[in-house]
Structures are given as C-alpha cells and as structure tokens.
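Coordinates from entry.csv are shown below (CSV, C-alpha atoms).
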chain,number,residue,atom,x,y,z
A,28,MET,CA,43.5,-50.5,7.8
A,29,SER,CA,43.7,-53.6,5.7
A,30,THR,CA,46.4,-54.0,3.1
A,31,ILE,CA,47.3,-56.5,0.4
A,32,GLY,CA,48.9,-59.5,1.8
A,33,ALA,CA,48.0,-58.5,5.4
A,34,PRO,CA,46.7,-61.3,7.6
A,35,PHE,CA,43.0,-61.7,8.1
A,36,ASN,CA,41.6,-59.3,10.7
A,37,LYS,CA,38.0,-59.7,12.1
A,38,ASN,CA,37.8,-56.0,13.1
A,39,ASN,CA,38.7,-54.8,9.6
A,40,LEU,CA,35.9,-57.0,8.1
A,41,LEU,CA,33.3,-55.5,10.5
A,42,LEU,CA,34.5,-51.9,9.7
A,43,ASP,CA,34.1,-52.5,6.0
A,44,ASP,CA,30.6,-54.0,6.4
A,45,SER,CA,29.5,-51.0,8.4
A,46,ASP,CA,30.7,-48.5,5.7
A,47,ASP,CA,28.7,-50.4,3.1
A,48,GLU,CA,25.6,-50.3,5.2
A,49,PHE,CA,26.0,-46.5,5.9
A,50,GLY,CA,26.4,-45.8,2.2
A,51,GLU,CA,23.3,-47.8,1.4
A,52,LEU,CA,21.4,-45.9,4.0
A,53,LEU,CA,22.4,-42.6,2.5
A,54,ILE,CA,21.3,-43.7,-0.9
A,55,LEU,CA,18.0,-44.8,0.6
A,56,PHE,CA,17.4,-41.4,2.2
A,57,ALA,CA,18.3,-39.7,-1.1
A,58,CYS,CA,15.7,-41.8,-3.0
A,59,VAL,CA,13.0,-41.1,-0.4
A,60,GLU,CA,13.7,-37.3,-0.5
A,61,TYR,CA,13.7,-37.3,-4.3
A,62,ASN,CA,10.4,-39.2,-4.4
A,63,GLN,CA,8.8,-36.8,-2.0
A,64,LEU,CA,10.0,-33.7,-3.8
A,65,TYR,CA,9.5,-34.7,-7.5
A,66,LEU,CA,7.4,-37.8,-7.7
A,67,THR,CA,4.7,-37.7,-5.0
A,68,LYS,CA,5.0,-34.1,-3.8
A,69,GLU,CA,2.0,-32.6,-1.9
A,70,PRO,CA,0.2,-29.8,-3.8
A,71,CYS,CA,0.6,-26.4,-2.2
A,72,ARG,CA,-2.7,-24.9,-3.6
A,73,ASN,CA,-5.3,-27.4,-2.5
A,74,SER,CA,-8.4,-25.3,-1.8
A,75,ALA,CA,-11.8,-26.8,-2.5
A,76,LEU,CA,-12.5,-23.9,-4.9
A,77,SER,CA,-10.3,-23.1,-7.9
A,78,GLY,CA,-9.8,-19.5,-8.9
A,79,HIS,CA,-12.4,-19.6,-11.6
A,80,GLU,CA,-14.9,-21.4,-9.4
A,81,TYR,CA,-14.3,-18.7,-6.7
A,82,VAL,CA,-15.0,-15.9,-9.2
A,83,MET,CA,-18.2,-17.6,-10.5
A,84,GLU,CA,-19.3,-18.0,-6.9
A,85,VAL,CA,-18.9,-14.3,-6.3
A,86,LEU,CA,-20.6,-13.3,-9.5
A,87,HIS,CA,-23.6,-15.5,-8.7
A,88,GLY,CA,-23.7,-14.4,-5.0
A,89,HIS,CA,-24.9,-11.3,-3.2
A,90,ASP,CA,-24.5,-8.0,-5.1
A,91,SER,CA,-22.4,-6.4,-2.4
A,92,ARG,CA,-19.9,-9.3,-2.4
A,93,CYS,CA,-18.7,-8.5,-5.9
A,94,TYR,CA,-18.5,-4.8,-5.1
A,95,ASP,CA,-16.6,-5.3,-1.9
A,96,LEU,CA,-14.1,-7.6,-3.6
A,97,PHE,CA,-13.7,-6.2,-7.1
A,98,ARG,CA,-14.8,-2.6,-6.5
A,99,MET,CA,-17.6,-2.7,-9.0
A,100,ASP,CA,-21.1,-4.2,-9.4
A,101,LYS,CA,-21.6,-7.6,-11.0
A,102,ASP,CA,-23.1,-6.1,-14.2
A,103,VAL,CA,-20.3,-3.6,-14.6
A,104,PHE,CA,-17.7,-6.3,-14.0
A,105,LYS,CA,-19.2,-8.6,-16.6
A,106,LEU,CA,-19.5,-5.7,-19.1
A,107,PHE,CA,-15.9,-4.7,-18.4
A,108,CYS,CA,-14.7,-8.3,-19.1
A,109,GLY,CA,-16.8,-8.4,-22.2
A,110,VAL,CA,-15.4,-5.2,-23.6
A,111,LEU,CA,-11.8,-6.4,-23.1
A,112,LYS,CA,-12.7,-9.6,-24.9
A,113,GLU,CA,-14.6,-7.9,-27.7
A,114,LYS,CA,-11.7,-5.6,-28.4
A,115,LYS,CA,-9.3,-8.6,-28.3
A,116,LEU,CA,-7.3,-7.0,-25.5
A,117,LEU,CA,-7.7,-10.2,-23.4
A,118,LYS,CA,-8.6,-13.8,-24.1
A,119,ASN,CA,-9.1,-17.0,-22.2
A,120,SER,CA,-5.9,-18.9,-21.6
A,121,ARG,CA,-5.5,-22.6,-21.1
A,122,TYR,CA,-5.9,-22.3,-17.3
A,123,LEU,CA,-7.4,-18.8,-16.7
A,124,SER,CA,-10.6,-17.2,-18.0
A,125,VAL,CA,-10.7,-13.5,-18.7
A,126,GLU,CA,-13.0,-13.1,-15.7
A,127,GLU,CA,-10.4,-14.7,-13.4
A,128,GLN,CA,-7.6,-12.6,-14.9
A,129,VAL,CA,-9.5,-9.3,-14.3
A,130,ALA,CA,-10.6,-10.4,-10.9
A,131,MET,CA,-7.0,-11.0,-9.8
A,132,PHE,CA,-6.0,-7.6,-11.2
A,133,LEU,CA,-8.9,-5.8,-9.4
A,134,PHE,CA,-8.1,-7.7,-6.2
A,135,VAL,CA,-4.6,-6.3,-6.2
A,136,ILE,CA,-5.4,-2.6,-7.0
A,137,GLY,CA,-8.6,-2.6,-5.1
A,138,HIS,CA,-7.2,-3.9,-1.8
A,139,ASN,CA,-3.4,-3.3,-2.4
A,140,GLU,CA,-2.8,-7.0,-1.8
A,141,ARG,CA,0.5,-8.7,-2.5
A,142,HIS,CA,0.8,-11.4,-5.1
A,143,ARG,CA,1.3,-14.1,-2.5
A,144,VAL,CA,-2.1,-13.4,-1.0
A,145,VAL,CA,-3.7,-13.3,-4.5
A,146,ALA,CA,-1.9,-16.6,-5.4
A,147,GLU,CA,-3.4,-18.3,-2.3
A,148,ARG,CA,-6.9,-16.9,-2.9
A,149,PHE,CA,-7.0,-17.8,-6.6
A,150,GLN,CA,-5.0,-21.0,-6.3
A,151,HIS,CA,-2.2,-20.1,-8.6
A,152,SER,CA,1.6,-19.7,-8.3
A,153,THR,CA,3.0,-16.2,-7.6
A,154,SER,CA,4.7,-16.3,-11.0
A,155,THR,CA,1.2,-16.8,-12.7
A,156,THR,CA,-0.4,-14.0,-10.7
A,157,SER,CA,2.5,-11.6,-11.6
A,158,GLU,CA,2.3,-12.6,-15.3
A,159,TYR,CA,-1.4,-12.0,-15.6
A,160,PHE,CA,-1.3,-8.8,-13.6
A,161,ARG,CA,1.0,-7.3,-16.2
A,162,LYS,CA,-1.2,-8.7,-19.0
A,163,VAL,CA,-4.3,-7.2,-17.6
A,164,LEU,CA,-2.6,-3.9,-16.8
A,165,LYS,CA,-1.4,-3.6,-20.4
A,166,ALA,CA,-4.9,-4.4,-21.7
A,167,VAL,CA,-6.6,-1.9,-19.4
A,168,CYS,CA,-4.1,0.9,-20.3
A,169,ARG,CA,-4.9,0.3,-24.0
A,170,LEU,CA,-8.6,0.5,-23.3
A,171,SER,CA,-8.0,3.7,-21.2
A,172,LYS,CA,-7.1,5.5,-24.4
A,173,GLU,CA,-10.7,5.2,-25.4
A,174,LEU,CA,-12.1,5.8,-21.9
A,175,ILE,CA,-10.1,8.9,-21.1
A,176,THR,CA,-11.1,11.4,-23.9
A,177,PRO,CA,-11.5,15.2,-24.2
A,178,PRO,CA,-14.9,16.7,-23.5
A,179,LEU,CA,-17.3,18.1,-26.1
A,180,PHE,CA,-16.3,21.7,-26.5
A,181,ASP,CA,-19.5,22.7,-28.3
A,182,VAL,CA,-21.9,21.5,-25.6
A,183,VAL,CA,-22.6,23.2,-22.2
A,184,PRO,CA,-22.2,20.6,-19.5
A,185,SER,CA,-25.5,19.6,-18.0
A,186,GLU,CA,-24.1,20.2,-14.5
A,187,ILE,CA,-23.7,23.8,-15.4
A,188,ARG,CA,-26.6,24.2,-17.8
A,189,PHE,CA,-29.3,23.2,-15.2
A,190,ASN,CA,-27.7,24.8,-12.2
A,191,PRO,CA,-28.6,28.5,-11.6
A,192,LYS,CA,-25.5,28.9,-9.5
A,193,TYR,CA,-23.3,28.4,-12.6
A,194,TYR,CA,-25.4,29.2,-15.6
A,195,PRO,CA,-25.1,31.3,-17.6
A,196,PHE,CA,-21.9,32.6,-15.8
A,197,PHE,CA,-19.7,29.6,-16.5
A,198,LYS,CA,-21.3,28.4,-19.7
A,199,ASN,CA,-18.0,28.4,-21.6
A,200,CYS,CA,-16.2,26.2,-19.0
A,201,VAL,CA,-15.3,22.7,-20.2
A,202,GLY,CA,-13.6,21.2,-17.1
A,203,ALA,CA,-11.2,21.6,-14.2
A,204,ILE,CA,-7.5,21.1,-13.9
A,205,ASP,CA,-5.5,20.1,-10.8
A,206,GLY,CA,-2.7,17.8,-9.6
A,207,THR,CA,-2.4,15.2,-6.9
A,208,HIS,CA,0.2,13.2,-5.2
A,209,ILE,CA,0.3,9.4,-5.8
A,210,SER,CA,2.4,7.1,-3.7
A,211,ALA,CA,5.6,6.0,-5.5
A,212,HIS,CA,8.1,3.2,-4.5
A,213,VAL,CA,11.4,4.5,-5.7
A,214,PRO,CA,15.0,3.1,-5.3
A,215,ILE,CA,17.1,5.0,-2.8
A,216,ASN,CA,19.5,6.3,-5.4
A,217,GLU,CA,16.6,7.8,-7.4
A,218,GLN,CA,14.4,9.3,-4.7
A,219,ILE,CA,15.4,13.0,-4.8
A,220,PRO,CA,13.3,13.9,-7.8
A,221,TYR,CA,10.3,12.2,-6.2
A,222,ARG,CA,10.4,14.1,-2.9
A,223,GLY,CA,8.6,17.3,-2.1
A,224,ARG,CA,7.7,18.8,1.2
A,225,LYS,CA,6.4,15.5,2.4
A,226,VAL,CA,8.6,12.7,3.7
A,227,ASP,CA,7.2,10.0,1.5
A,228,THR,CA,8.2,9.6,-2.2
A,229,THR,CA,5.4,10.4,-4.6
A,230,GLN,CA,4.7,11.0,-8.2
A,231,ASN,CA,2.9,14.1,-9.3
A,232,VAL,CA,-0.2,13.3,-11.4
A,233,MET,CA,-1.9,16.1,-13.3
A,234,CYS,CA,-5.4,15.7,-14.5
A,235,ILE,CA,-8.3,17.3,-16.3
A,236,CYS,CA,-11.8,16.2,-15.4
A,237,SER,CA,-15.3,17.0,-16.7
A,238,PHE,CA,-18.1,18.0,-14.4
A,239,ASP,CA,-19.7,14.5,-14.5
A,240,MET,CA,-16.6,13.3,-12.6
A,241,LYS,CA,-14.7,11.7,-15.5
A,242,PHE,CA,-11.1,12.2,-16.2
A,243,THR,CA,-10.5,13.7,-19.7
A,244,TYR,CA,-6.7,13.9,-19.6
A,245,VAL,CA,-4.1,12.3,-17.3
A,246,VAL,CA,-0.4,12.8,-17.1
A,247,ALA,CA,1.1,10.3,-14.7
A,248,ASP,CA,4.8,10.7,-15.3
A,249,GLY,CA,5.8,13.5,-13.0
A,250,LYS,CA,9.1,13.3,-11.1
A,251,ASP,CA,9.0,16.8,-9.9
A,252,ARG,CA,7.5,20.3,-10.4
A,253,LEU,CA,8.8,20.6,-14.0
A,254,MET,CA,6.1,18.1,-15.1
A,255,MET,CA,3.5,20.7,-14.2
A,256,HIS,CA,5.1,23.2,-16.7
A,257,GLU,CA,4.9,20.6,-19.5
A,258,PHE,CA,1.3,19.7,-18.7
A,259,PHE,CA,0.3,23.4,-18.5
A,260,ARG,CA,2.1,24.1,-21.8
A,261,MET,CA,0.5,21.1,-23.4
A,262,CYS,CA,-3.0,22.1,-22.4
A,263,HIS,CA,-2.5,25.6,-23.6
A,264,LYS,CA,-1.1,24.6,-26.9
A,265,THR,CA,-3.4,21.7,-27.8
A,266,ARG,CA,-6.7,23.0,-26.3
A,267,ILE,CA,-6.5,26.7,-27.0
A,268,MET,CA,-4.1,27.6,-29.7
A,269,ASN,CA,-4.9,24.7,-32.0
A,270,SER,CA,-7.9,26.0,-34.1
A,271,GLN,CA,-8.6,22.4,-35.3
A,272,THR,CA,-9.4,21.4,-31.8
A,273,LEU,CA,-11.0,24.6,-30.5
A,274,HIS,CA,-11.9,27.9,-32.2
A,275,PRO,CA,-10.3,30.8,-30.3
A,276,MET,CA,-13.4,32.9,-30.7
A,277,VAL,CA,-15.4,30.5,-28.6
A,278,ARG,CA,-13.4,31.5,-25.5
A,279,LYS,CA,-13.7,28.1,-23.8
A,280,TYR,CA,-11.6,27.6,-20.7
A,281,TYR,CA,-10.7,25.3,-17.9
A,282,LEU,CA,-11.0,26.1,-14.2
A,283,VAL,CA,-7.6,26.3,-12.4
A,284,ASP,CA,-6.6,27.3,-8.9
A,285,SER,CA,-5.0,30.6,-7.8
A,286,GLY,CA,-1.5,29.4,-8.5
A,287,TYR,CA,-2.0,29.4,-12.2
A,288,THR,CA,-2.0,32.6,-14.4
A,289,ASN,CA,-5.4,33.8,-15.5
A,290,MET,CA,-4.8,33.5,-19.2
A,291,PRO,CA,-6.8,32.5,-22.4
A,292,GLY,CA,-8.1,29.0,-21.8
A,293,PHE,CA,-7.5,29.0,-18.0
A,294,LEU,CA,-9.8,30.8,-15.6
A,295,SER,CA,-8.3,31.3,-12.2
A,296,PRO,CA,-9.8,32.9,-9.1
A,297,TYR,CA,-8.9,36.3,-7.7
A,298,ARG,CA,-5.7,36.2,-5.6
A,299,GLY,CA,-5.7,37.7,-2.2
A,300,GLU,CA,-9.3,36.7,-1.6
A,301,ARG,CA,-10.8,33.7,0.2
A,302,TYR,CA,-11.1,30.8,-2.1
A,303,HIS,CA,-11.4,27.2,-0.6
A,304,LEU,CA,-14.9,26.2,0.5
A,305,ASN,CA,-13.8,25.6,4.1
A,306,GLN,CA,-12.8,29.2,4.3
A,307,TYR,CA,-16.4,30.3,3.9
A,308,ALA,CA,-17.7,28.1,6.7
A,309,ASP,CA,-17.8,31.0,9.2
A,310,ARG,CA,-19.3,33.7,7.0
A,311,ASN,CA,-20.8,34.2,3.6
A,312,PRO,CA,-19.0,35.7,0.7
A,313,SER,CA,-18.7,39.5,0.8
A,314,GLY,CA,-18.2,41.5,-2.4
A,315,LYS,CA,-18.2,40.4,-6.0
A,316,ARG,CA,-14.7,38.9,-5.9
A,317,GLU,CA,-15.3,36.7,-3.0
A,318,LEU,CA,-18.6,35.6,-4.5
A,319,PHE,CA,-16.9,34.8,-7.7
A,320,ASN,CA,-14.2,32.8,-5.9
A,321,TYR,CA,-16.8,30.9,-3.9
A,322,ARG,CA,-18.7,29.9,-7.1
A,323,HIS,CA,-15.4,29.1,-8.8
A,324,SER,CA,-14.2,26.9,-5.9
A,325,SER,CA,-17.5,25.0,-5.6
A,326,LEU,CA,-17.5,24.3,-9.3
A,327,ARG,CA,-13.8,23.4,-9.5
A,328,ASN,CA,-14.2,21.1,-6.4
A,329,VAL,CA,-15.3,18.4,-8.8
A,330,ILE,CA,-11.7,17.4,-9.4
A,331,GLU,CA,-11.0,17.1,-5.7
A,332,ARG,CA,-14.0,14.8,-5.5
A,333,CYS,CA,-12.6,12.8,-8.4
A,334,PHE,CA,-9.3,12.4,-6.7
A,335,GLY,CA,-11.1,11.4,-3.5
A,336,VAL,CA,-13.2,8.7,-5.2
A,337,LEU,CA,-10.2,7.4,-7.1
A,338,LYS,CA,-8.0,6.9,-4.1
A,339,ALA,CA,-10.8,5.5,-1.9
A,340,ARG,CA,-11.7,2.9,-4.6
A,341,PHE,CA,-8.0,1.9,-5.3
A,342,PRO,CA,-5.9,2.0,-2.1
A,343,ILE,CA,-2.9,0.9,-4.1
A,344,LEU,CA,-2.5,4.6,-5.0
A,345,LYS,CA,-1.9,5.5,-1.4
A,346,GLN,CA,0.9,3.0,-0.7
A,347,MET,CA,2.4,1.7,-3.9
A,348,PRO,CA,4.2,-1.7,-3.8
A,349,SER,CA,7.7,-2.1,-5.1
A,350,TYR,CA,6.8,-2.4,-8.8
A,351,ASP,CA,9.0,-1.0,-11.6
A,352,LEU,CA,8.5,2.8,-11.9
A,353,LYS,CA,7.0,2.4,-15.4
A,354,ILE,CA,4.5,-0.2,-14.0
A,355,GLN,CA,3.6,2.3,-11.2
A,356,LYS,CA,2.8,5.0,-13.9
A,357,TYR,CA,0.6,2.5,-15.8
A,358,ILE,CA,-1.3,1.6,-12.6
A,359,VAL,CA,-2.4,5.2,-12.2
A,360,ILE,CA,-3.6,5.3,-15.9
A,361,ALA,CA,-5.4,2.0,-15.5
A,362,CYS,CA,-7.2,3.2,-12.3
A,363,CYS,CA,-8.3,6.4,-14.0
A,364,GLY,CA,-9.6,4.4,-17.0
A,365,ILE,CA,-11.6,2.0,-14.7
A,366,HIS,CA,-12.9,5.0,-12.8
A,367,ASN,CA,-14.3,6.4,-16.1
A,368,PHE,CA,-15.7,3.0,-17.1
A,369,ILE,CA,-17.6,2.7,-13.8
A,370,ARG,CA,-18.9,6.2,-14.0
A,371,THR,CA,-20.2,5.6,-17.5
A,372,ASN,CA,-21.8,2.2,-17.0
A,373,ALA,CA,-22.9,1.9,-13.3
A,374,GLU,CA,-26.4,2.9,-12.6
A,375,LYS,CA,-25.5,3.4,-9.0
A,376,ASP,CA,-22.2,3.5,-7.3
A,377,VAL,CA,-21.6,4.1,-3.6
A,378,TYR,CA,-18.5,6.1,-4.1
A,379,PHE,CA,-19.9,8.4,-6.8
A,380,ASP,CA,-23.3,8.7,-5.0
A,381,GLY,CA,-21.6,9.8,-1.8
A,382,ASP,CA,-22.8,6.9,0.3
A,383,GLU,CA,-19.2,6.1,1.3
A,384,ASP,CA,-17.1,8.5,3.4
A,385,ILE,CA,-14.8,10.1,0.8
A,386,PRO,CA,-12.2,12.4,2.2
A,387,GLU,CA,-11.7,15.7,0.4
A,388,VAL,CA,-8.4,15.7,-1.3
A,389,GLN,CA,-6.5,18.9,-1.4
A,390,ASP,CA,-2.8,18.6,-2.2
A,391,ALA,CA,-1.4,21.8,-0.7
A,392,THR,CA,2.1,20.8,-1.8
A,393,ILE,CA,1.2,21.0,-5.5
A,394,GLN,CA,-1.1,24.0,-5.1
A,395,SER,CA,1.5,26.0,-3.2
A,396,THR,CA,4.1,25.4,-5.9
A,397,HIS,CA,2.1,26.7,-8.8
A,398,GLU,CA,2.6,30.4,-7.9
A,399,THR,CA,6.4,30.2,-8.2
A,400,LEU,CA,6.3,28.0,-11.3
A,401,ASN,CA,4.1,30.0,-13.6
A,402,ASP,CA,6.3,33.1,-13.3
A,403,SER,CA,9.4,31.1,-14.5
A,404,VAL,CA,7.8,29.7,-17.6
A,405,GLU,CA,7.4,31.8,-20.7
A,406,PHE,CA,4.3,31.2,-22.7
A,407,SER,CA,3.6,33.0,-26.0
A,408,ILE,CA,0.8,35.1,-24.4
A,409,SER,CA,0.7,38.8,-25.0
A,410,ARG,CA,-0.4,41.4,-22.5
A,411,ASP,CA,-3.5,42.0,-24.6
A,412,GLN,CA,-4.5,38.4,-24.3
A,413,LEU,CA,-3.9,38.4,-20.5
A,414,ARG,CA,-6.0,41.6,-20.3
A,415,GLU,CA,-8.8,40.0,-22.3
A,416,MET,CA,-9.0,37.0,-20.0
A,417,ALA,CA,-9.0,39.4,-17.0
A,418,ASN,CA,-12.0,41.2,-18.5
A,419,VAL,CA,-13.7,37.9,-19.0
A,420,ARG,CA,-13.3,37.1,-15.3
A,421,ASP,CA,-14.5,40.6,-14.3
A,422,GLU,CA,-17.6,40.2,-16.5
A,423,ILE,CA,-18.4,36.9,-14.9
A,424,ALA,CA,-17.9,38.3,-11.4
A,425,ASP,CA,-20.1,41.3,-12.2
A,426,HIS,CA,-22.8,39.1,-13.7
A,427,ILE,CA,-22.9,36.8,-10.7
A,428,TRP,CA,-22.9,39.7,-8.3
A,429,ARG,CA,-25.9,41.4,-10.0
A,430,ALA,CA,-27.8,38.2,-10.2
A,431,ASN,CA,-27.2,37.5,-6.5
A,432,ARG,CA,-28.5,40.9,-5.4
A,433,ARG,CA,-31.8,40.6,-7.2
Target format structure tokens, applied to this file:
Amino acid sequence: MSTIGAPFNKNNLLLDDSDDEFGELLILFACVEYNQLYLTKEPCRNSALSGHEYVMEVLHGHDSRCYDLFRMDKDVFKLFCGVLKEKKLLKNSRYLSVEEQVAMFLFVIGHNERHRVVAERFQHSTSTTSEYFRKVLKAVCRLSKELITPPLFDVVPSEIRFNPKYYPFFKNCVGAIDGTHISAHVPINEQIPYRGRKVDTTQNVMCICSFDMKFTYVVADGKDRLMMHEFFRMCHKTRIMNSQTLHPMVRKYYLVDSGYTNMPGFLSPYRGERYHLNQYADRNPSGKRELFNYRHSSLRNVIERCFGVLKARFPILKQMPSYDLKIQKYIVIACCGIHNFIRTNAEKDVYFDGDEDIPEVQDATIQSTHETLNDSVEFSISRDQLREMANVRDEIADHIWRANRR
C-alpha cells in the first residue's frame, strides 16, 4: 500500500494501473449491456404477419378457418364487429382495429388460451392483450343486454305450433328453466360457497331459454343454492304476478324439472314417474302421467341442448382461468350473448345444426337440490292457485293421452 512520502515502489505502480484497467473494463461492460437492453434491443414479436394482417388473412381465407379459430362464420364475425362499432361499444385504436380486438377476445374464450399465447399469435404484449380482453368483454356484456331479451308472450312458438307432439297441449308455454355448473377459479379462502357435491369449484348459472335455443334470461352470480331461490322468486314475481308484463288470465308458464313446485307460471312433471328421456329407452311411456312426462321432458330438453352448445363452443366455461370473480361472471354473460347473436344471424352453424358431437348436459347436482330448496322458500301462493295449476297439468295430460289413443 502506497503512502505519502513513501519511497517509489514499482509493484505499487503496477497494482494501481491494474485497478484502473479493471474499472474501465466494468464501465465498458455496463455500456454494452445498456446498449443491448435499451438502445439496440432485439424485438420479441417479430413474426412476418402482424395481428391485423393475420386476422385479414383468416377473413379472406377458407370459410372453415374463421369458424375454427373464432367460433363463428366470416359473415357473422364481420356483422358482429360492425354492430359493436355501430353502437359505439368499440372503436379502432391507434394500433388495433376492432376486428383484431374481437378476434383476440374470441380466441381466448373459444379455445381457453392464455394471454401469452394470444400475445404471440397477434404480436402484442401480454399487457395489451389483457387490456383489450377487458374492453371487448365490457362491450359484449353491454350488447348482451339487447341480445338476451324475454320472449313474446302473445305468440305461440313455432317449434310448438307446427309440431303435433306439442300443439295444442303446450300452446301456453313460453320457455324452459334450468341451471348448470360453470367452472370457477376461486381463491382458497373463498371456495366453500362455490363447492357442491363435486370436487371442483363452480358457479351456479340459472337460465331461461326459448324453444329456438336462445337464452332469454341469465343469472350468473350464484355462489350456492340460495341463488336458485332468488332466481325462482324473481321469475315468479316479474313474469307472472306483474300484470304489466303478463296478464294472469293468459296462464302462460315455463317448463321446469321435477324439483320445482308445480305452481302458476311454472309447469313441472309428475313426481314419482319416469321423466328423463334416457329412462324411456327400454320401453315406451305407459299411462297418461308417463306420457305427459315424456312430452314435457322432450320439450324442456331444449335448455340442455343450449347448455351443451354453449360449453362446446366456449371451452373457457369448462375450465375457467384465474380471472377476478367478477370477470368470470361477465364471461358467462358474454358467451350467452354471443350464443344468441350467432343463433340469430347464422344461416347455418355446425353446433346448432347438430353436425358437431354435442354432449347432453344434465347437472344432477343442481337438479337434485331443487326438491329440498322449494319447500324452504315461502312464496305468496295460495292453495287454490296450486290446485289450479295442478288442474292445468291434469288437463294437458288428459288431452295428450286422448290424442295419443286415437
């Protein structure tokens, strides 16, 4: 170590020179690293096709390509984007067109892809894909308010009117009600309300559908069985008791399963008799009650088909990613809205037309809980009203039985 006034030492001079060189070398390395990171960094997304160019290539390519990727035909996709723009729910941004925004959203819900995969395919950062996923989700949910609407109560559905199996017996029927389980990603400390008999956490979704396979009402906020009570109470109050919506003398009703009470506005099958269609595979219905249950089940099966098509088209509903619980609820609403839009505007769709293998969806967990639930909820229904609806069911059963024996 050199000190002031110390004699000249050659070794000390060499040591000082080496320290200076080492310091300069560190500075050089730091400059090179800074240059590589911030000045001449290599782009991460360097595909030959940008996201917009990729979407345009798909829209100008083979018809099946758009359907496979975005779960709808090209014409329906363009119309869907046009409606979102026309209603000012979405607009082109500086870097993303509406078509690309919608394509990224459909890519996520139609294939249950993670945002890193979407970012690579559309050549954007994960923050960009996440931002526009939420924007499109919000826009589609707003549009869904116009897509998911109650049926016309003064018109007999054509699916009933022109089918001798159902007309004139079910001419006052306006739809079917049922619930289904949708996958839910829930934090550990909040999972108890979202667990039923199954191991996985799910949210209960209650729906009404019309006989043309459109959802007319959706409640996607169910933590547990109590949500069914609120849904049932809401349907009864707003659809039956409110004379501004439906005149009580018309005696319109929804089809429900055997777990619900047979009451004004809700026609359930006879309990203690065979009901589900697969129970009639070995032998035909015997007696007027079984025949009524068979016709009731075959007509109400439309909502099971709706659930099957919905989950087949949007696999995200079968295994929900780790979004916020509110986002998960909105995803269900958006999927139901898109389902209705496709049903309304597609001339042909492989899911609705039955060309795809759609599994029948029967949620035994929800169905089995109805019977214990309805007894514990007090509705303002008199015994005379219950007896009146029982007479309606008996009249329909007698009418079907007489017509079948001719």
What does the distance from CA of Arg169 (chain A) to CA of Phe334 (chain A) come to in Å, to one decimal?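 Calculated distance between CA of Arg169 (chain A) and CA of Phe334 (chain A) is 21.6 Å.
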I'd like the contact shell of Val129 (chain A) - 9 Å cut-off, only C-alpha atoms, skipping same-chain residues fewer than 3 positions apart - returned as number ranges by chain.
A: 97, 104, 107-108, 124-126, 132-134, 159-160, 163
Find the spatial neighbours of Ala247 (chain A), counting all atoms listed in the file, within a cut-off of 10 Å - ignore same-chain residues fewer than 5 positions away - and output them as a list in words.
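In the requested form, the answer reads Gly206, Thr207, His208, Ile209, Gln230, Asn231, Val232, Met233, Cys234, Met254, Lys353, Gln355, Lys356, Tyr357, Ile358, Val359 and Ile360 of chain A.
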Min atom-atom distance to Lys198 (chain A) from the set A:Leu282, A:Leu111, A:Asp351, A:Thr153, counting all atoms listed in the file, belongs to A:Leu282
From the list A:Phe238, A:Phe149, A:Tyr321, A:Tyr350, the nearest residue to Trp428 (chain A) using all atoms listed in the file is A:Tyr321
Calculated over all atoms listed in the file, which of the candidates A:His89, A:Val201, A:His138, A:Asp239 has the smallest distance to Asp380 (chain A)?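 Among the listed residues, A:Asp239 lies closest to Asp380 (chain A).
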